[in-house]
$ cat structure-v2.txt   # compact mmCIF, C-alpha atoms
# COMPACT_ATOMS: atom_id res chain seq x y z
CA MET A 123 6.76 -15.93 7.11
CA PRO A 124 10.42 -15.64 6.02
CA ASN A 125 12.82 -15.70 8.93
CA ARG A 126 13.96 -12.12 8.67
CA LEU A 127 10.38 -10.88 8.77
CA ASP A 128 9.80 -13.10 11.82
CA GLU A 129 12.67 -11.41 13.57
CA VAL A 130 11.41 -7.92 12.73
CA ALA A 131 7.90 -8.87 13.86
CA GLU A 132 9.28 -10.14 17.15
CA VAL A 133 11.03 -6.82 17.81
CA PHE A 134 7.87 -4.85 16.98
CA GLN A 135 5.68 -7.06 19.15
CA SER A 136 8.01 -6.72 22.12
CA VAL A 137 7.60 -2.93 22.42
CA GLU A 138 4.76 -0.48 23.13
CA PRO A 139 2.58 0.68 20.18
CA GLU A 140 4.08 4.19 20.33
CA THR A 141 7.57 2.74 19.99
CA ARG A 142 6.40 0.60 17.05
CA LEU A 143 5.58 3.80 15.21
CA GLU A 144 9.06 5.15 15.97
CA LEU A 145 10.60 1.95 14.61
CA LEU A 146 8.46 2.28 11.51
CA LEU A 147 9.63 5.88 11.07
CA ASP A 148 13.27 4.66 11.27
CA TYR A 149 12.58 2.08 8.59
CA SER A 150 10.90 4.69 6.40
CA ARG A 151 14.24 6.47 6.10
CA LYS A 152 15.98 3.28 5.00
CA LEU A 153 14.13 2.52 1.80
CA PRO A 154 16.96 2.39 -0.78
CA PRO A 155 16.74 5.02 -3.54
CA LEU A 156 15.83 3.87 -7.04
CA PRO A 157 18.75 3.09 -9.35
CA ALA A 158 19.15 5.66 -12.12
CA ARG A 159 17.89 3.27 -14.84
CA LEU A 160 14.45 3.16 -13.12
CA THR A 161 13.86 6.81 -12.24
CA ALA A 162 13.02 7.68 -15.85
CA GLN A 163 10.39 4.91 -15.89
CA ARG A 164 8.91 6.26 -12.68
CA ASP A 165 8.84 9.81 -14.02
CA ALA A 166 7.00 8.49 -17.09
CA GLY A 167 4.37 7.04 -14.74
CA LEU A 168 5.29 3.42 -15.43
CA HIS A 169 5.20 0.68 -12.77
CA ARG A 170 2.79 2.53 -10.53
CA VAL A 171 0.73 0.42 -8.14
CA HIS A 172 -2.72 1.76 -8.90
CA GLU A 173 -4.51 -0.04 -6.08
CA CYS A 174 -2.71 2.17 -3.63
CA MET A 175 -3.93 5.75 -3.15
CA THR A 176 -0.38 6.75 -2.29
CA PRO A 177 1.92 7.06 -5.31
CA VAL A 178 3.98 3.86 -5.11
CA PHE A 179 6.18 2.48 -7.90
CA LEU A 180 7.32 -1.10 -7.83
CA TRP A 181 9.79 -3.25 -9.79
CA VAL A 182 10.07 -6.97 -9.02
CA GLU A 183 13.06 -8.48 -10.85
CA ALA A 184 15.24 -11.55 -10.88
CA GLU A 185 19.01 -11.26 -10.70
CA GLY A 186 20.19 -14.79 -11.28
CA ASP A 187 18.08 -16.75 -8.80
CA LYS A 188 17.90 -13.82 -6.41
CA LEU A 189 14.97 -11.48 -5.98
CA ARG A 190 15.52 -7.78 -6.51
CA LEU A 191 12.88 -5.37 -5.25
CA TRP A 192 12.88 -1.68 -6.12
CA ILE A 193 10.23 0.48 -4.55
CA ASP A 194 9.67 4.22 -4.70
CA VAL A 195 7.23 5.89 -2.31
CA ALA A 196 6.22 9.56 -2.19
CA PRO A 197 7.79 11.39 0.78
CA GLU A 198 4.27 12.23 1.98
CA SER A 199 3.75 8.56 2.91
CA PRO A 200 6.32 7.57 5.52
CA THR A 201 4.04 4.83 6.88
CA VAL A 202 3.91 3.08 3.51
CA ALA A 203 7.65 3.66 2.99
CA GLY A 204 8.39 2.15 6.40
CA MET A 205 6.32 -0.98 5.79
CA LEU A 206 7.88 -1.51 2.38
CA ALA A 207 11.39 -0.87 3.68
CA ILE A 208 10.83 -3.77 6.09
CA VAL A 209 9.80 -5.98 3.17
CA VAL A 210 12.79 -4.88 1.08
CA ALA A 211 15.20 -5.45 3.98
CA ALA A 212 13.80 -8.97 4.43
CA LEU A 213 13.45 -10.13 0.83
CA ASP A 214 15.70 -8.12 -1.50
CA GLY A 215 18.72 -10.15 -2.57
CA GLY A 216 17.31 -13.36 -1.11
CA PRO A 217 15.85 -16.38 -2.89
CA ILE A 218 12.84 -15.67 -5.10
CA GLU A 219 10.84 -18.49 -3.43
CA ALA A 220 10.97 -16.66 -0.08
CA VAL A 221 8.28 -14.30 -1.35
CA LYS A 222 5.75 -17.12 -1.11
CA ASN A 223 5.77 -16.71 2.65
CA LEU A 224 5.32 -12.95 2.62
CA PRO A 225 2.15 -12.48 4.70
CA LEU A 226 -0.53 -10.14 3.33
CA ASP A 227 -1.39 -9.29 6.93
CA LEU A 228 2.10 -8.05 7.72
CA ILE A 229 0.56 -5.04 9.49
CA GLN A 230 -1.14 -7.33 12.01
CA ARG A 231 2.04 -9.38 12.49
CA LEU A 232 3.98 -6.22 13.29
CA GLY A 233 1.36 -5.20 15.83
CA LEU A 234 0.54 -2.07 13.84
CA ALA A 235 -3.10 -2.80 13.00
CA ASP A 236 -4.42 -0.85 16.00
CA VAL A 237 -2.30 2.22 15.49
CA LEU A 238 -2.71 2.33 11.72
CA ARG A 239 -6.30 1.01 11.50
CA MET A 240 -7.64 -0.59 8.39
CA ASN A 241 -7.92 2.48 6.20
CA ARG A 242 -4.24 2.95 6.18
CA ALA A 243 -3.69 -0.75 5.63
CA VAL A 244 -5.58 -0.86 2.36
CA GLY A 245 -2.81 0.21 0.04
CA ILE A 246 -0.10 -1.74 1.78
CA GLY A 247 -1.99 -5.02 1.44
CA ALA A 248 -2.44 -4.27 -2.26
CA ILE A 249 1.29 -3.74 -2.73
CA LEU A 250 2.22 -6.92 -0.85
CA GLY A 251 -0.21 -8.85 -3.05
CA ARG A 252 1.36 -7.35 -6.14
CA ILE A 253 4.89 -8.27 -5.00
CA LYS A 254 3.77 -11.86 -4.47
CA ARG A 255 2.05 -12.12 -7.85
CA GLU A 256 4.92 -10.59 -9.78
CA ALA A 257 7.55 -12.66 -7.98
CA ALA A 258 5.58 -15.85 -8.67
CA ALA A 259 5.77 -15.06 -12.40
CA LEU A 260 9.53 -14.37 -12.42
CA GLN A 261 11.97 -16.50 -14.41
CA PRO A 262 15.51 -16.64 -13.02
CA SER A 263 17.66 -14.31 -15.15
CA PRO A 264 21.17 -15.31 -16.23
CA GLN A 265 22.76 -11.89 -16.03
CA SER A 266 22.81 -9.10 -13.52
CA LEU A 267 20.42 -6.23 -14.15
CA THR A 268 22.27 -3.84 -11.92
CA PRO A 269 25.94 -4.02 -12.91
CA ASN A 270 26.71 -0.51 -11.76
CA LEU A 271 25.92 -0.94 -8.10
CA MET B 210 -12.58 42.23 -8.19
CA THR B 211 -12.71 38.71 -6.78
CA GLN B 212 -15.73 37.98 -4.66
CA PRO B 213 -14.69 37.11 -1.09
CA TYR B 214 -15.65 33.82 0.56
CA ALA B 215 -18.71 33.86 2.82
CA HIS B 216 -16.57 33.54 5.95
CA PRO B 217 -13.15 34.74 4.82
CA GLU B 218 -11.80 34.73 8.39
CA SER B 219 -11.87 30.91 8.42
CA LEU B 220 -9.12 30.67 5.81
CA VAL B 221 -5.58 31.99 6.23
CA SER B 222 -2.62 31.98 3.87
CA THR B 223 0.74 30.27 4.41
CA GLN B 224 2.22 33.79 4.62
CA TRP B 225 -0.19 34.71 7.44
CA VAL B 226 0.73 31.56 9.37
CA ASP B 227 4.42 32.24 8.87
CA GLU B 228 3.96 35.73 10.33
CA HIS B 229 1.83 34.62 13.30
CA ARG B 230 3.28 31.24 14.22
CA GLY B 231 5.35 32.76 17.04
CA GLN B 232 2.26 34.00 18.87
CA THR B 233 1.68 30.70 20.58
CA ASP B 234 -0.36 32.29 23.38
CA LEU B 235 -3.10 33.20 20.88
CA TYR B 236 -2.78 30.64 18.14
CA ARG B 237 -2.23 26.92 17.99
CA ILE B 238 -1.18 25.48 14.66
CA VAL B 239 -2.25 21.88 14.22
CA GLU B 240 -1.06 19.42 11.57
CA SER B 241 -3.56 16.68 10.69
CA ASP B 242 -2.52 14.16 8.05
CA GLU B 243 -3.65 10.91 6.59
CA ASP B 244 -0.24 9.42 7.29
CA VAL B 245 0.31 9.02 11.02
CA LEU B 246 4.09 9.56 10.67
CA LEU B 247 4.17 12.50 8.29
CA TYR B 248 4.32 15.13 11.06
CA GLU B 249 7.42 13.41 12.45
CA THR B 250 9.25 13.86 9.14
CA GLY B 251 8.94 17.64 9.46
CA HIS B 252 6.27 20.20 10.30
CA VAL B 253 5.61 23.91 10.64
CA PRO B 254 7.58 25.23 13.65
CA GLU B 255 5.36 25.40 16.78
CA ALA B 256 2.72 23.13 15.18
CA VAL B 257 1.36 20.19 17.17
CA LYS B 258 0.02 16.96 15.70
CA ILE B 259 -3.54 15.74 16.03
CA ASP B 260 -4.12 12.36 14.43
CA TRP B 261 -7.56 11.65 13.02
CA ILE B 262 -7.54 8.06 14.28
CA ASN B 263 -5.49 7.94 17.44
CA ASP B 264 -6.56 11.33 18.80
CA LEU B 265 -10.07 12.07 17.49
CA ASN B 266 -11.72 8.64 17.27
CA ASP B 267 -12.70 6.43 20.17
CA PRO B 268 -10.48 3.34 20.17
CA VAL B 269 -13.37 0.91 20.78
CA VAL B 270 -16.76 2.29 19.73
CA ARG B 271 -17.20 3.69 16.22
CA ASP B 272 -17.58 7.29 17.37
CA TYR B 273 -15.59 10.38 18.20
CA ILE B 274 -13.94 10.81 21.55
CA ASP B 275 -16.23 12.06 24.31
CA ASN B 276 -16.23 15.56 25.80
CA ALA B 277 -13.81 14.68 28.58
CA LYS B 278 -11.25 13.13 26.23
CA PHE B 279 -11.57 16.04 23.84
CA ALA B 280 -11.00 18.51 26.67
CA ALA B 281 -7.93 16.54 27.76
CA LEU B 282 -6.59 16.50 24.19
CA CYS B 283 -6.94 20.28 23.90
CA ALA B 284 -5.49 20.91 27.35
CA ARG B 285 -2.48 18.72 26.54
CA HIS B 286 -1.70 20.76 23.43
CA GLY B 287 -2.15 24.07 25.23
CA ILE B 288 -5.45 24.80 23.49
CA GLY B 289 -7.78 26.80 25.73
CA ASN B 290 -11.41 27.62 24.90
CA ASP B 291 -10.32 30.98 23.46
CA THR B 292 -7.32 29.74 21.49
CA THR B 293 -7.59 30.13 17.72
CA VAL B 294 -6.73 26.78 16.17
CA ILE B 295 -5.29 26.75 12.65
CA PHE B 296 -5.33 23.42 10.85
CA TYR B 297 -3.23 22.32 7.91
CA GLY B 298 -2.28 18.95 6.50
CA ASP B 299 -1.57 16.69 3.55
CA LYS B 300 -3.78 15.90 0.55
CA SER B 301 -5.20 19.39 -0.01
CA ASN B 302 -6.20 19.73 3.64
CA TRP B 303 -8.48 16.72 3.48
CA TRP B 304 -7.65 15.65 7.05
CA ALA B 305 -7.25 19.21 8.28
CA CYS B 306 -10.90 19.79 7.34
CA TYR B 307 -11.86 16.59 9.11
CA ALA B 308 -10.15 17.74 12.32
CA PHE B 309 -11.73 21.21 11.84
CA TRP B 310 -15.17 19.57 11.63
CA VAL B 311 -14.60 17.47 14.76
CA PHE B 312 -13.44 20.57 16.67
CA ARG B 313 -16.58 22.40 15.51
CA LEU B 314 -18.71 19.42 16.53
CA MET B 315 -17.19 19.67 20.00
CA GLY B 316 -18.10 23.35 20.06
CA HIS B 317 -14.73 25.04 19.57
CA ASP B 318 -15.33 28.50 18.11
CA ASN B 319 -12.15 29.95 16.66
CA LEU B 320 -10.98 27.69 13.87
CA LYS B 321 -9.09 28.32 10.64
CA ILE B 322 -7.63 26.36 7.76
CA MET B 323 -4.27 27.23 6.20
CA ASP B 324 -5.07 27.42 2.50
CA GLY B 325 -2.95 25.05 0.42
CA GLY B 326 -1.90 22.97 3.43
CA ARG B 327 1.41 21.26 4.00
CA ALA B 328 2.34 20.91 0.34
CA LYS B 329 2.05 24.64 -0.37
CA TRP B 330 4.05 25.52 2.75
CA MET B 331 6.84 23.19 1.60
CA ASP B 332 6.70 24.29 -2.05
CA GLU B 333 7.26 27.86 -0.89
CA GLY B 334 10.39 26.76 0.95
CA ARG B 335 9.12 27.86 4.36
CA ALA B 336 10.70 26.65 7.60
CA MET B 337 10.12 23.05 8.66
CA THR B 338 11.34 21.31 11.80
CA THR B 339 11.24 17.90 13.44
CA ALA B 340 11.51 19.50 16.90
CA LYS B 341 8.37 18.90 18.93
CA PRO B 342 7.06 22.09 20.52
CA ASN B 343 6.44 22.20 24.22
CA HIS B 344 3.41 24.41 24.86
CA PRO B 345 2.27 24.91 28.43
CA PRO B 346 -0.93 22.93 29.12
CA ALA B 347 -4.23 24.83 29.09
CA THR B 348 -7.55 24.27 30.80
CA TYR B 349 -10.41 23.33 28.54
CA GLN B 350 -14.10 22.66 28.95
CA VAL B 351 -16.56 21.49 26.32
CA THR B 352 -19.35 24.02 26.78
CA HIS B 353 -21.59 24.01 23.71
CA PRO B 354 -21.10 21.05 21.35
CA ARG B 355 -22.65 21.66 17.94
CA ARG B 356 -24.38 18.34 17.34
CA GLY B 357 -26.39 19.91 14.53
CA ILE B 358 -23.55 19.56 12.02
CA ARG B 359 -23.64 15.78 12.28
CA ALA B 360 -26.21 13.49 10.66
CA PHE B 361 -26.94 9.95 11.80
CA ARG B 362 -28.35 7.15 9.63
CA ASP B 363 -31.97 7.71 10.66
CA ASP B 364 -31.65 11.44 10.02
CA VAL B 365 -30.42 10.64 6.52
CA LEU B 366 -33.29 8.22 5.89
CA ARG B 367 -35.79 10.96 6.82
CA HIS B 368 -33.82 13.39 4.67
CA VAL B 369 -34.08 11.03 1.67
CA ARG B 370 -37.83 10.54 2.19
CA ALA B 371 -38.32 14.29 2.38
CA GLY B 372 -36.55 14.62 -0.98
CA ARG B 373 -33.87 16.92 0.40
CA PRO B 374 -30.44 17.31 -1.27
CA LEU B 375 -27.51 14.98 -0.60
CA VAL B 376 -23.98 15.30 -1.95
CA ASP B 377 -21.92 12.16 -2.45
CA VAL B 378 -18.28 13.28 -2.53
CA ARG B 379 -16.69 9.88 -3.31
CA SER B 380 -15.13 8.95 -6.65
CA MET B 381 -17.45 8.26 -9.57
CA GLU B 382 -16.59 4.52 -9.40
CA GLU B 383 -17.77 4.37 -5.82
CA PHE B 384 -20.88 6.44 -6.58
CA THR B 385 -22.04 4.24 -9.45
CA GLY B 386 -21.41 1.07 -7.47
CA LYS B 387 -18.71 -0.27 -9.76
CA LEU B 388 -16.24 -0.34 -6.90
CA THR B 389 -16.99 -1.57 -3.39
CA HIS B 390 -13.53 -2.42 -2.16
CA MET B 391 -9.87 -2.32 -3.00
CA PRO B 392 -8.22 -5.33 -4.64
CA ASP B 393 -6.50 -7.66 -2.13
CA TYR B 394 -8.42 -6.09 0.74
CA PRO B 395 -11.98 -7.38 0.58
CA GLN B 396 -12.43 -6.95 4.34
CA GLU B 397 -12.04 -3.20 3.82
CA GLY B 398 -15.10 -3.12 1.70
CA VAL B 399 -18.76 -2.57 1.86
CA LEU B 400 -21.27 -5.30 1.11
CA ARG B 401 -23.29 -3.23 -1.36
CA GLY B 402 -22.19 -0.66 -3.91
CA GLY B 403 -24.01 2.44 -5.12
CA HIS B 404 -25.22 5.60 -3.46
CA ILE B 405 -27.98 6.98 -1.25
CA PRO B 406 -31.08 7.58 -3.42
CA GLY B 407 -31.27 11.12 -4.70
CA ALA B 408 -27.64 11.94 -3.92
CA LYS B 409 -25.70 13.94 -6.48
CA SER B 410 -22.10 13.05 -7.20
CA CYS B 411 -19.47 15.71 -6.68
CA PRO B 412 -16.02 14.33 -5.78
CA TRP B 413 -14.50 16.49 -3.03
CA MET B 414 -11.33 17.19 -5.06
CA ARG B 415 -13.28 19.36 -7.44
CA ALA B 416 -13.19 22.13 -4.83
CA VAL B 417 -9.39 22.48 -4.92
CA ASN B 418 -6.78 23.81 -7.32
CA PRO B 419 -3.73 21.74 -8.32
CA ASP B 420 -1.65 23.53 -5.65
CA GLY B 421 -4.06 22.41 -2.93
CA THR B 422 -5.69 25.83 -2.38
CA PHE B 423 -9.46 26.20 -2.55
CA LYS B 424 -10.98 27.37 -5.79
CA SER B 425 -12.39 30.89 -5.92
CA ARG B 426 -15.90 31.60 -4.71
CA ALA B 427 -17.16 32.07 -8.27
CA GLU B 428 -15.69 28.71 -9.35
CA LEU B 429 -17.16 26.97 -6.30
CA GLU B 430 -20.56 28.55 -6.89
CA ALA B 431 -20.47 27.31 -10.48
CA ILE B 432 -20.01 23.75 -9.19
CA TYR B 433 -22.24 23.57 -6.12
CA GLN B 434 -24.95 26.09 -6.92
CA GLY B 435 -24.69 25.84 -10.70
CA GLU B 436 -24.07 22.21 -11.60
CA LEU B 437 -25.54 20.59 -8.48
CA GLY B 438 -28.34 23.11 -8.16
CA LEU B 439 -27.93 23.54 -4.39
CA LYS B 440 -29.40 26.65 -2.83
CA ILE B 441 -27.86 28.53 0.06
CA LEU B 442 -30.90 27.93 2.31
CA ASP B 443 -31.13 24.21 1.50
CA ASP B 444 -30.81 21.59 4.20
CA VAL B 445 -27.89 19.56 2.80
CA VAL B 446 -26.29 16.26 3.86
CA ALA B 447 -22.77 15.38 2.62
CA TYR B 448 -21.24 11.92 2.89
CA CYS B 449 -18.39 9.76 1.62
CA ARG B 450 -17.01 6.47 2.97
CA ILE B 451 -16.30 7.33 6.60
CA GLY B 452 -17.04 11.05 6.74
CA GLU B 453 -13.57 12.45 6.11
CA ARG B 454 -13.78 13.59 2.50
CA SER B 455 -17.25 14.98 3.19
CA SER B 456 -15.83 17.16 5.99
CA HIS B 457 -13.88 18.91 3.26
CA THR B 458 -17.06 19.53 1.24
CA TRP B 459 -18.86 20.55 4.45
CA PHE B 460 -16.17 23.21 4.99
CA VAL B 461 -16.53 24.46 1.41
CA LEU B 462 -20.33 24.71 1.60
CA THR B 463 -20.55 26.28 5.05
CA HIS B 464 -17.47 28.48 5.36
CA LEU B 465 -16.61 29.39 1.79
CA LEU B 466 -20.09 29.53 0.26
CA GLY B 467 -22.15 30.44 3.33
CA PHE B 468 -24.66 27.57 3.50
CA ASP B 469 -26.34 27.55 6.92
CA THR B 470 -27.57 24.00 7.22
CA VAL B 471 -25.10 21.36 6.11
CA ARG B 472 -24.65 18.13 8.01
CA ASN B 473 -21.85 15.63 7.58
CA TYR B 474 -23.06 12.01 7.67
CA ASP B 475 -19.93 10.42 9.14
CA GLY B 476 -21.42 6.93 9.17
CA SER B 477 -21.33 7.39 5.41
CA TRP B 478 -21.15 4.55 2.90
CA THR B 479 -19.41 2.09 5.23
CA GLU B 480 -22.55 2.25 7.38
CA TRP B 481 -25.23 2.70 4.72
CA GLY B 482 -23.86 0.08 2.31
CA ASN B 483 -23.55 -2.50 5.09
CA ALA B 484 -26.80 -1.86 6.96
CA VAL B 485 -29.82 -4.10 6.32
CA GLY B 486 -32.72 -2.67 4.36
CA MET B 487 -31.27 0.71 3.38
CA PRO B 488 -32.51 2.00 0.01
CA ILE B 489 -29.72 2.13 -2.58
CA GLU B 490 -29.48 3.58 -6.06
CA LYS B 491 -26.97 2.35 -8.62
CA GLY B 492 -25.46 3.85 -11.74
$ encode --input "structure-v2.txt" --output "structure tokens"
Amino acid sequence: MPNRLDEVAEVFQSVEPETRLELLLDYSRKLPPLPARLTAQRDAGLHRVHECMTPVFLWVEAEGDKLRLWIDVAPESPTVAGMLAIVVAALDGGPIEAVKNLPLDLIQRLGLADVLRMNRAVGIGAILGRIKREAAALQPSPQSLTPNL
Amino acid sequence: MTQPYAHPESLVSTQWVDEHRGQTDLYRIVESDEDVLLYETGHVPEAVKIDWINDLNDPVVRDYIDNAKFAALCARHGIGNDTTVIFYGDKSNWWACYAFWVFRLMGHDNLKIMDGGRAKWMDEGRAMTTAKPNHPPATYQVTHPRRGIRAFRDDVLRHVRAGRPLVDVRSMEEFTGKLTHMPDYPQEGVLRGGHIPGAKSCPWMRAVNPDGTFKSRAELEAIYQGELGLKILDDVVAYCRIGERSSHTWFVLTHLLGFDTVRNYDGSWTEWGNAVGMPIEKG
């Protein structure tokens, strides 16, 4: 598991399950908004992760040799938004190879399996798998895709 | 004139809830969602949260909480035996109907659903808050559980052999057996795909309008009595994957259409499709 995810997991594991949910709620508010160039694609229904019952839109891109992750989650799904905000905080802007170590069982590592149960975990595992597959297929890009940041 | 539902008192509008939400001594508004954190992002003022997993299911055994835990849950939220409980939630009241069914199973009498659920309340720009209400605790006793609205596996097997009607409310892919689990999550799945022999497919979503409200009685009759051929006096079993979506259909059949004998098989496909020797139909 990438170091930053290790650190987050350690914090989650060190507190009571109820507090883990509060931490997750905090993260859910931190998912960065989509850049303007991607909102039109989302509104056209492109880049949706269909394995997930929750509407989730995902872009996995290379910016030079860095990984860029853009994820949009419906406001009705703070649990999914929180999980993915943790992934974005850990991997976005870092080396593309780091994705290899992204664990599909992140929910278990964060100690959230009991409070979320498997039903809720379904979609999240699907999204993590998709991030890994798409990142594995990325070619480093020479120019920045987000010059207006 | 529109034909009223069979039990119109079991459904209230967002407007009604807005007007009565201050009467916390008579009514308890309960939000029940799929997402365990959704309530925390904002809810109807005075509403409490009841989570389908952490509050209503036993943490160890695959079953609902027992009478004592249910009584404690109600008491904690200031729900007495006479309190009218009004449920609403996400996804067209999918989980609100599930909580409604569990409350009925435990014998609570006065229950309502807020038509249109959380999405309609928000679309109408009604008040939302993140402040948790603090209702004085109540005393509660489980006095007359209604076990008759629940079917177990052996009941369903007898039901199939007797040729009685079953409604499978899952998606068509799940019904035909094309889909047994979600990609990347094989452990979530069921070993066998298909449906219980004789079951008719009617995905639960067909009972709701795009704004999350229930369809009219005439529209519902056209689906359940017309297309599926169910009769009001039939002994019906509804099921899905774990009994949540079928609670929604159970509510439609019993409270909106007036069926007397409908049981929810909460073991549903995750039990049937994994159990040894159960008859299965595909396609």
$ atom_distance --input "structure-v2.txt" --atom1 "CA of Pro412 (chain B)" --atom2 "CA of Val378 (chain B)"
4.1 Å
$ interface_residues --input "structure-v2.txt" --of "chain A" --to "chain B" --cutoff "12 Å" --atoms "only C-alpha atoms" --output "PyMOL selection string"
chain A and resi 139-140+142-151+171-176+196-205+226-227+234-255
$ atom_distance --input "structure-v2.txt" --atom1 "CA of Pro213 (chain B)" --atom2 "CA of Ala256 (chain B)"
27.6 Å
$ closest_residue --input "structure-v2.txt" --among "B:Asn302, B:Asn266, B:Thr338, B:Thr233" --to "Gly421 (chain B)" --atoms "only C-alpha atoms"
B:Asn302
$ closest_residue --input "structure-v2.txt" --among "B:Pro346, B:Gly289, B:Gly231, B:Gly357" --to "Asp469 (chain B)" --atoms "all atoms listed in the file"
B:Gly357
$ axis_aligned_box --input "structure-v2.txt" --around "region 186-203 of chain A" --padding-each-side "4 Å" --output "lines of an AutoDock Vina configuration file"
center_x = 12.0
center_y = -2.3
center_z = -2.2
size_x = 24.4
size_y = 37.0
size_z = 26.2
$ residues_near_point --input "structure-v2.txt" --point "(-33.2, 23.6, -2.4)" --cutoff "12 Å" --atoms "all atoms listed in the file" --output "number ranges by chain"
B: 371-375, 433-434, 437-446, 468, 470-471
$ write_last_selection --input "structure-v2.txt" --atoms "C-alpha atoms" --output "PDB file, in the coordinates of the input"
ATOM      1  CA  ALA B 371     -38.320  14.290   2.380  1.00  0.00           C
ATOM      2  CA  GLY B 372     -36.550  14.620  -0.980  1.00  0.00           C
ATOM      3  CA  ARG B 373     -33.870  16.920   0.400  1.00  0.00           C
ATOM      4  CA  PRO B 374     -30.440  17.310  -1.270  1.00  0.00           C
ATOM      5  CA  LEU B 375     -27.510  14.980  -0.600  1.00  0.00           C
ATOM      6  CA  TYR B 433     -22.240  23.570  -6.120  1.00  0.00           C
ATOM      7  CA  GLN B 434     -24.950  26.090  -6.920  1.00  0.00           C
ATOM      8  CA  LEU B 437     -25.540  20.590  -8.480  1.00  0.00           C
ATOM      9  CA  GLY B 438     -28.340  23.110  -8.160  1.00  0.00           C
ATOM     10  CA  LEU B 439     -27.930  23.540  -4.390  1.00  0.00           C
ATOM     11  CA  LYS B 440     -29.400  26.650  -2.830  1.00  0.00           C
ATOM     12  CA  ILE B 441     -27.860  28.530   0.060  1.00  0.00           C
ATOM     13  CA  LEU B 442     -30.900  27.930   2.310  1.00  0.00           C
ATOM     14  CA  ASP B 443     -31.130  24.210   1.500  1.00  0.00           C
ATOM     15  CA  ASP B 444     -30.810  21.590   4.200  1.00  0.00           C
ATOM     16  CA  VAL B 445     -27.890  19.560   2.800  1.00  0.00           C
ATOM     17  CA  VAL B 446     -26.290  16.260   3.860  1.00  0.00           C
ATOM     18  CA  PHE B 468     -24.660  27.570   3.500  1.00  0.00           C
ATOM     19  CA  THR B 470     -27.570  24.000   7.220  1.00  0.00           C
ATOM     20  CA  VAL B 471     -25.100  21.360   6.110  1.00  0.00           C
TER      21      VAL B 471
END
$ atom_distance --input "structure-v2.txt" --atom1 "CA of Gly452 (chain B)" --atom2 "CA of Leu282 (chain B)"
21.1 Å
$ closest_residue --input "structure-v2.txt" --among "A:Gln261, A:Val209, A:Ile218, A:Arg190" --to "Asp128 (chain A)" --atoms "only C-alpha atoms"
A:Val209
$ residues_near_point --input "structure-v2.txt" --point "(10.0, -16.3, -4.0)" --cutoff "9 Å" --atoms "all atoms listed in the file" --output "list of chain:residue names"
A:Lys188, A:Leu189, A:Leu213, A:Gly216, A:Pro217, A:Ile218, A:Glu219, A:Ala220, A:Val221, A:Lys222, A:Asn223, A:Leu224, A:Lys254, A:Ala257, A:Ala258, A:Leu260
$ closest_residue --input "structure-v2.txt" --among "B:Phe296, B:Arg367, B:Asp475, B:Cys306" --to "Thr463 (chain B)" --atoms "all atoms listed in the file"
B:Cys306
$ residues_around --input "structure-v2.txt" --residues "Arg170 (chain A)" --least-positions-apart "4" --cutoff "10 Å" --atoms "all atoms listed in the file" --output "PyMOL selection string"
chain A and resi 163-164+166+174+176-181+193-195
$ closest_residue --input "structure-v2.txt" --among "B:Val311, B:Val294, B:Leu320, B:Leu465" --to "Gln232 (chain B)" --atoms "all atoms listed in the file"
B:Val294
$ residues_around --input "structure-v2.txt" --residues "region 223-225 of chain B" --least-positions-apart "2" --cutoff "8 Å" --atoms "all atoms listed in the file" --output "ChimeraX atom specification"
/B:221,227-229,323-326,329-330
$ write_last_selection --input "structure-v2.txt" --atoms "C-alpha atoms" --output "compact mmCIF listing (two decimals), in the frame of the given file"
# COMPACT_ATOMS: atom_id res chain seq x y z
CA VAL B 221 -5.58 31.99 6.23
CA ASP B 227 4.42 32.24 8.87
CA GLU B 228 3.96 35.73 10.33
CA HIS B 229 1.83 34.62 13.30
CA MET B 323 -4.27 27.23 6.20
CA ASP B 324 -5.07 27.42 2.50
CA GLY B 325 -2.95 25.05 0.42
CA GLY B 326 -1.90 22.97 3.43
CA LYS B 329 2.05 24.64 -0.37
CA TRP B 330 4.05 25.52 2.75
$ closest_residue --input "structure-v2.txt" --among "B:Pro488, B:Gly467, B:Gly482, B:Gly403" --to "Arg370 (chain B)" --atoms "only C-alpha atoms"
B:Pro488
$ residues_around --input "structure-v2.txt" --residues "Asp264 (chain B)" --least-positions-apart "4" --cutoff "10 Å" --atoms "all atoms listed in the file" --output "list in words"
Lys258, Ile259, Asp260, Pro268, Tyr273, Ile274, Lys278, Phe279, Leu282 and Ala308 of chain B
$ residues_around --input "structure-v2.txt" --residues "Ala280 (chain B)" --least-positions-apart "3" --cutoff "8 Å" --atoms "only C-alpha atoms" --output "PyMOL selection string"
chain B and resi 276-277+283-284+348-351
